[in-house]
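Beneath this line is the structure, given in structure tokens, with notes to follow.
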Amino acid sequence: MTAHGGIYCPKCGSPLTERDGELLCEAGGMYLSLRLRSILTGMVGNGPVDVPPASFGWGGSPYFCPADGTRMAESEGRMRCPACGRCMPSTIPYQLTEFHPHAAVRRPEDAGADHGDSSA
Ligand SMILES: [Zn+2]
Ligand SMILES: [Zn+2]
């Protein structure tokens, strides 16, 4: 039984794992701050909540729904999950860019660069 009840990384959509009492995105090497954790936990627990549109552009980086890992889409100033209707609070981009460095996630198509050289 996990205490966090299943939360997905807002930056890459991977399921977060709990380690030493903190939530970690293993794919990105990113630990969540308590602040971000409480925001995401609230999003998952509260269900879809109407949020005011952000006063800024969400930019080109993708966001993923913490409840189901679905890639969110921007619509009328809101970053919204097409699967469940949850919206990212406008505090999220600041939290992520300022406090949560996330490693670039390798896509399967990038793996072709491996050498695979097993000769001795
Ligand atoms: Zn991640
Ligand atoms: Zn969702």
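Ligands are numbered from 1 in the order shown, residues from 1 within each chain, and chains are lettered A, B, ... in the order they appear in the structure tokens.
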
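Using only C-alpha atoms, the protein and nucleic acid residues lying no more than 7 Å from range 83-91 of chain A, apart from those fewer than 5 places from it along its own chain, are Gly47, Pro48, Val49, Val51, Ala54, Thr70 and Arg78 of chain A.
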
Produce a file of the selected residues containing C-alpha atoms, as a compact mmCIF listing (two decimals), in the first residue's frame.
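selection-v1.txt written:
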```txt
# COMPACT_ATOMS: atom_id res chain seq x y z
CA GLY A 47 -11.01 15.52 -8.91
CA PRO A 48 -11.65 17.98 -11.70
CA VAL A 49 -11.87 21.48 -10.28
CA VAL A 51 -9.40 26.77 -12.17
CA ALA A 54 -3.49 31.39 -16.33
CA THR A 70 -2.24 11.56 -19.68
CA ARG A 78 -5.83 26.28 -18.90
```

Site check for ligand 2: residues at most 12 Å away, only C-alpha atoms and all ligand atoms, as JSON, numbers by chain: {"A": [7, 8, 9, 10, 13, 40, 43, 44, 45, 46, 47, 48, 49, 63, 64, 65, 66, 67, 68, 69, 70, 71, 72, 73, 79, 80, 81, 82, 83, 84, 85, 86, 87, 88]}

Environment of ligand 1 within 10 Å, counting only C-alpha atoms and all ligand atoms, reported as a PyMOL selection string: chain A and resi 8-16+24-32+63-64+100-105

Sel. of alpha helix (DSSP H) residues, range 64-101 of chain A, as a VMD selection string: chain A and resid 92 to 99

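Using only C-alpha atoms, the shortest contact distance between Ser38 in chain A and any of A:Trp58, A:Glu22, A:Tyr94, A:Asp50 is found at A:Glu22.
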
Strand (DSSP E or B) per DSSP on the backbone: members of chain A, as a PyMOL selection string: chain A and resi 8+15+17-19+22-25+30-31+64+71+73-75+78-80+87

Among listed residues A:Thr17, A:Ser75, A:Gly57, A:Gln95, nearest Leu34 in chain A (using only C-alpha atoms):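 Closest to Leu34 in chain A, using only C-alpha atoms: A:Gln95.
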
Point-to-point distance in Å for CA of Arg106 in chain A and CA of Leu36 in chain A: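 Spanning CA of Leu36 in chain A to CA of Arg106 in chain A is a straight-line distance of 23.7 Å.
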
Residue nearest Pro53 in chain A - candidates A:Gly77, A:Thr97, A:Gly21, A:Gly6, atoms counted: only C-alpha atoms: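 Residue with the minimum atom-to-atom distance to Pro53 in chain A: A:Gly77.
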